[in-house]
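Asks: After the structure tokens below, expect a handful of questions from me.
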Amino acid sequence: MWPRVRSWLPVPPATVVELGCGSLGGYVPALSADGYDAMGVDPAAPEGPAYRRVEFERVELPARVDAVVASTSLHHVADPGAVLEQVAGALGGDGLVIVVEWDWEAFDEDTARWCLEREVQPDGWLRRRLDAWADAGQAWESAFQGWAREHGLHGAGTLVAELDRRFERVVLDRGPYLFTELVDMTDDDEQRAIDAGEIPALRVDYVGRVR
């Protein structure tokens with residue numbers, strides 16, 4: 001996703017904060033290499049001056065932030081509305097929020113069976129969910145959506161609505177999401193399946209500008 005995210009960013013040396021950079025540092029190394037003043041925020045963030053090991057709700061942000069990036073992280077926060085209020089307050093007058101999410105509510109049984117017809121990566125989240133479905137002996141929607149709700153995951157529709165309340169929508173797009181969990185599968189391969197109507201596009205891309 002980096003080339004896509006990079007295409008939406010303001011020009012360097014803008015200040016960019018990544019919400020939920022994860023233990024590997026997310027986009028922060030690429031941002032820094034391209035000349036951005038980058039900060040990654042995550043309780044599991046790596047050590048180093050570019051990272052803050054804290055929940056986003058508790059982080060002290062720079063005086064001016066030009067863009068906030070959240071890649072598959074907003075669905076985990078306890079209160080997305082409160083987090084997005086903080087994002088909107090931190091961004092400058094023409095600041096951007098760039099969100100990459102997944103529409104887990106659209107992940108139906110036909111899509112699960114489409115995945116099973118291919119080789120699934122052995123150690124990923126998709127393999128765990130498919131195995132849990134087989135063990136549960138119930139419909140896919142009950143097993144998968146039950147897991148998602150048990151873990152408090154927020155749906156893409158909810159997140160987009162919260163974003164629209166605070167930002168002027170610039171981009172709302174969809175694309176491939178599952179290919180990284182499938183052996184020898186590319187995003188182009190998955191896009192062809194989407195275009196053929198075999199599976200839905202589960203990735204949601206949102207870019208918004210401060211109102």
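Chain identifiers are assigned as A, B, and so on, following the order in which chains appear in the structure tokens; residues are numbered from 1 within each chain, and ligands are numbered from 1 in order of appearance.
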Just asking: which residues within segment 1-208 of chain A are helix (DSSP H, G or I) according to DSSP, as a VMD selection string?

Replies: chain A and resid 2 to 8 28 to 33 56 to 58 74 to 76 80 to 90 104 to 106 109 to 116 125 to 136 140 to 150 156 to 166 179 to 181 187 to 195

Asks: Applying 6 Å and only C-alpha atoms, which residues near segment 148-156 of chain A remain after dropping the ones on its own chain fewer than 3 positions away? List them as a list in words.

Replies: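 Near neighbours after the sequence-gap exclusion: His75, His76, Asp103, Gln145 and Leu159 of chain A.
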
Asks: Selection from above, C-alpha atoms, as a PDB file, in the first residue's frame, can you write it?

Replies:
```
ATOM      1  CA  HIS A  75     -11.168  -0.913  13.665  1.00  0.00           C
ATOM      2  CA  HIS A  76      -9.258  -1.853  16.848  1.00  0.00           C
ATOM      3  CA  ASP A 103     -14.779  -4.406   5.376  1.00  0.00           C
ATOM      4  CA  GLN A 145     -18.714 -12.230  12.690  1.00  0.00           C
ATOM      5  CA  LEU A 159     -15.725   4.071  10.454  1.00  0.00           C
TER       6      LEU A 159
END
```

Asks: Could you name the residues that touch Val210 of chain A at 9 Å or less, counting only C-alpha atoms, but leaving out those on the same chain fewer than 3 positions away, as a PDB file with C-alpha atoms, in the first residue's frame?

Replies:
```
ATOM      1  CA  ALA A  88      -9.178  16.452  13.438  1.00  0.00           C
ATOM      2  CA  GLY A  89      -7.959  18.671  16.257  1.00  0.00           C
ATOM      3  CA  LEU A  91      -4.377  18.470  11.823  1.00  0.00           C
ATOM      4  CA  GLY A  92      -3.631  21.852  10.321  1.00  0.00           C
ATOM      5  CA  GLY A  93      -6.157  23.782   8.255  1.00  0.00           C
ATOM      6  CA  ASP A  94      -5.540  21.762   5.100  1.00  0.00           C
ATOM      7  CA  GLY A  95      -4.501  18.567   6.860  1.00  0.00           C
ATOM      8  CA  LEU A  96      -5.372  15.122   5.546  1.00  0.00           C
ATOM      9  CA  VAL A  97      -6.440  11.881   7.165  1.00  0.00           C
ATOM     10  CA  ARG A 166     -15.414  15.268  10.745  1.00  0.00           C
ATOM     11  CA  PHE A 167     -13.774  15.427   7.332  1.00  0.00           C
ATOM     12  CA  GLU A 168     -14.555  16.420   3.780  1.00  0.00           C
TER      13      GLU A 168
END
```

Asks: Which residue, A:Val170, A:Ile98, A:Ile194, A:Ala134, has the smallest gap to Leu19 of chain A when you use only C-alpha atoms?

Replies: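 Between A:Val170, A:Ile98, A:Ile194, A:Ala134, the residue approaching Leu19 of chain A most closely is A:Ile98.
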
Asks: For Ala201 of chain A, please output as a ChimeraX atom specification all residues within 10 Å (counting only C-alpha atoms; exclusion window: fewer than 4 positions along the same chain).

Replies: /A:102-103,106-107,173-178,190-191,193-195,197

Asks: Those residues you just picked out, can you put them in a file as a short mmCIF file (atom, residue, chain, number, x, y, z; two decimals), in the first residue's frame with N, CA, C and O atoms?

Replies:
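File selection.cif, as written:
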```cif
data_model
loop_
_atom_site.label_atom_id
_atom_site.label_comp_id
_atom_site.auth_asym_id
_atom_site.auth_seq_id
_atom_site.Cartn_x
_atom_site.Cartn_y
_atom_site.Cartn_z
N TRP A 102 -10.52 -2.52 6.37
CA TRP A 102 -11.10 -3.69 5.71
C TRP A 102 -12.54 -3.87 6.14
O TRP A 102 -12.93 -3.60 7.28
N ASP A 103 -13.34 -4.26 5.17
CA ASP A 103 -14.78 -4.41 5.38
C ASP A 103 -15.08 -5.84 5.78
O ASP A 103 -15.57 -6.65 4.99
N ALA A 106 -18.40 -7.62 5.08
CA ALA A 106 -18.71 -8.11 3.73
C ALA A 106 -18.02 -9.44 3.42
O ALA A 106 -18.21 -9.99 2.33
N PHE A 107 -17.25 -9.96 4.37
CA PHE A 107 -16.54 -11.21 4.17
C PHE A 107 -17.52 -12.36 4.41
O PHE A 107 -17.73 -12.82 5.52
N ASP A 173 -12.53 4.56 -1.89
CA ASP A 173 -12.26 3.55 -2.91
C ASP A 173 -12.19 2.19 -2.24
O ASP A 173 -12.08 2.08 -1.02
N ARG A 174 -12.26 1.16 -3.06
CA ARG A 174 -12.16 -0.22 -2.57
C ARG A 174 -11.13 -0.97 -3.39
O ARG A 174 -10.83 -0.60 -4.53
N GLY A 175 -10.60 -2.05 -2.81
CA GLY A 175 -9.61 -2.83 -3.52
C GLY A 175 -9.34 -4.17 -2.86
O GLY A 175 -10.02 -4.56 -1.91
N PRO A 176 -8.33 -4.89 -3.34
CA PRO A 176 -8.00 -6.22 -2.80
C PRO A 176 -7.47 -6.14 -1.37
O PRO A 176 -6.77 -5.19 -1.01
N TYR A 177 -7.78 -7.16 -0.60
CA TYR A 177 -7.32 -7.21 0.79
C TYR A 177 -6.74 -8.56 1.17
O TYR A 177 -5.86 -8.66 2.03
N LEU A 178 -7.20 -9.64 0.54
CA LEU A 178 -6.89 -10.99 1.00
C LEU A 178 -5.59 -11.55 0.43
O LEU A 178 -5.08 -12.56 0.94
N GLU A 190 -6.24 -10.89 -7.25
CA GLU A 190 -7.47 -10.71 -6.47
C GLU A 190 -8.39 -9.70 -7.13
O GLU A 190 -9.61 -9.87 -7.13
N GLN A 191 -7.81 -8.66 -7.72
CA GLN A 191 -8.65 -7.66 -8.39
C GLN A 191 -9.41 -8.28 -9.55
O GLN A 191 -10.58 -7.93 -9.79
N ALA A 193 -10.52 -11.32 -9.66
CA ALA A 193 -11.64 -12.05 -9.05
C ALA A 193 -12.73 -11.09 -8.61
O ALA A 193 -13.93 -11.40 -8.73
N ILE A 194 -12.35 -9.93 -8.13
CA ILE A 194 -13.33 -8.90 -7.75
C ILE A 194 -14.09 -8.42 -8.98
O ILE A 194 -15.32 -8.33 -8.98
N ASP A 195 -13.35 -8.13 -10.05
CA ASP A 195 -13.98 -7.63 -11.28
C ASP A 195 -14.92 -8.67 -11.89
O ASP A 195 -15.93 -8.31 -12.52
N GLY A 197 -16.75 -10.63 -10.18
CA GLY A 197 -17.88 -10.84 -9.29
C GLY A 197 -17.76 -12.07 -8.42
O GLY A 197 -18.73 -12.50 -7.80
#
```

Asks: Would you mind listing what lies within 12 Å of Cys115 of chain A as a VMD selection string, with only C-alpha atoms counted and same-chain residues fewer than 6 positions away left out?

Replies: chain A and resid 107 to 109 121 126 to 127 129 to 130 177 to 183 185 190 193 198 to 199

Asks: Residues at most 12 Å from Leu61 of chain A, counting only C-alpha atoms, excluding those fewer than 3 positions away in the same chain, as a VMD selection string?

Replies: chain A and resid 15 to 19 38 to 41 50 to 52 54 to 58 64 to 68 86 to 87 89 to 91
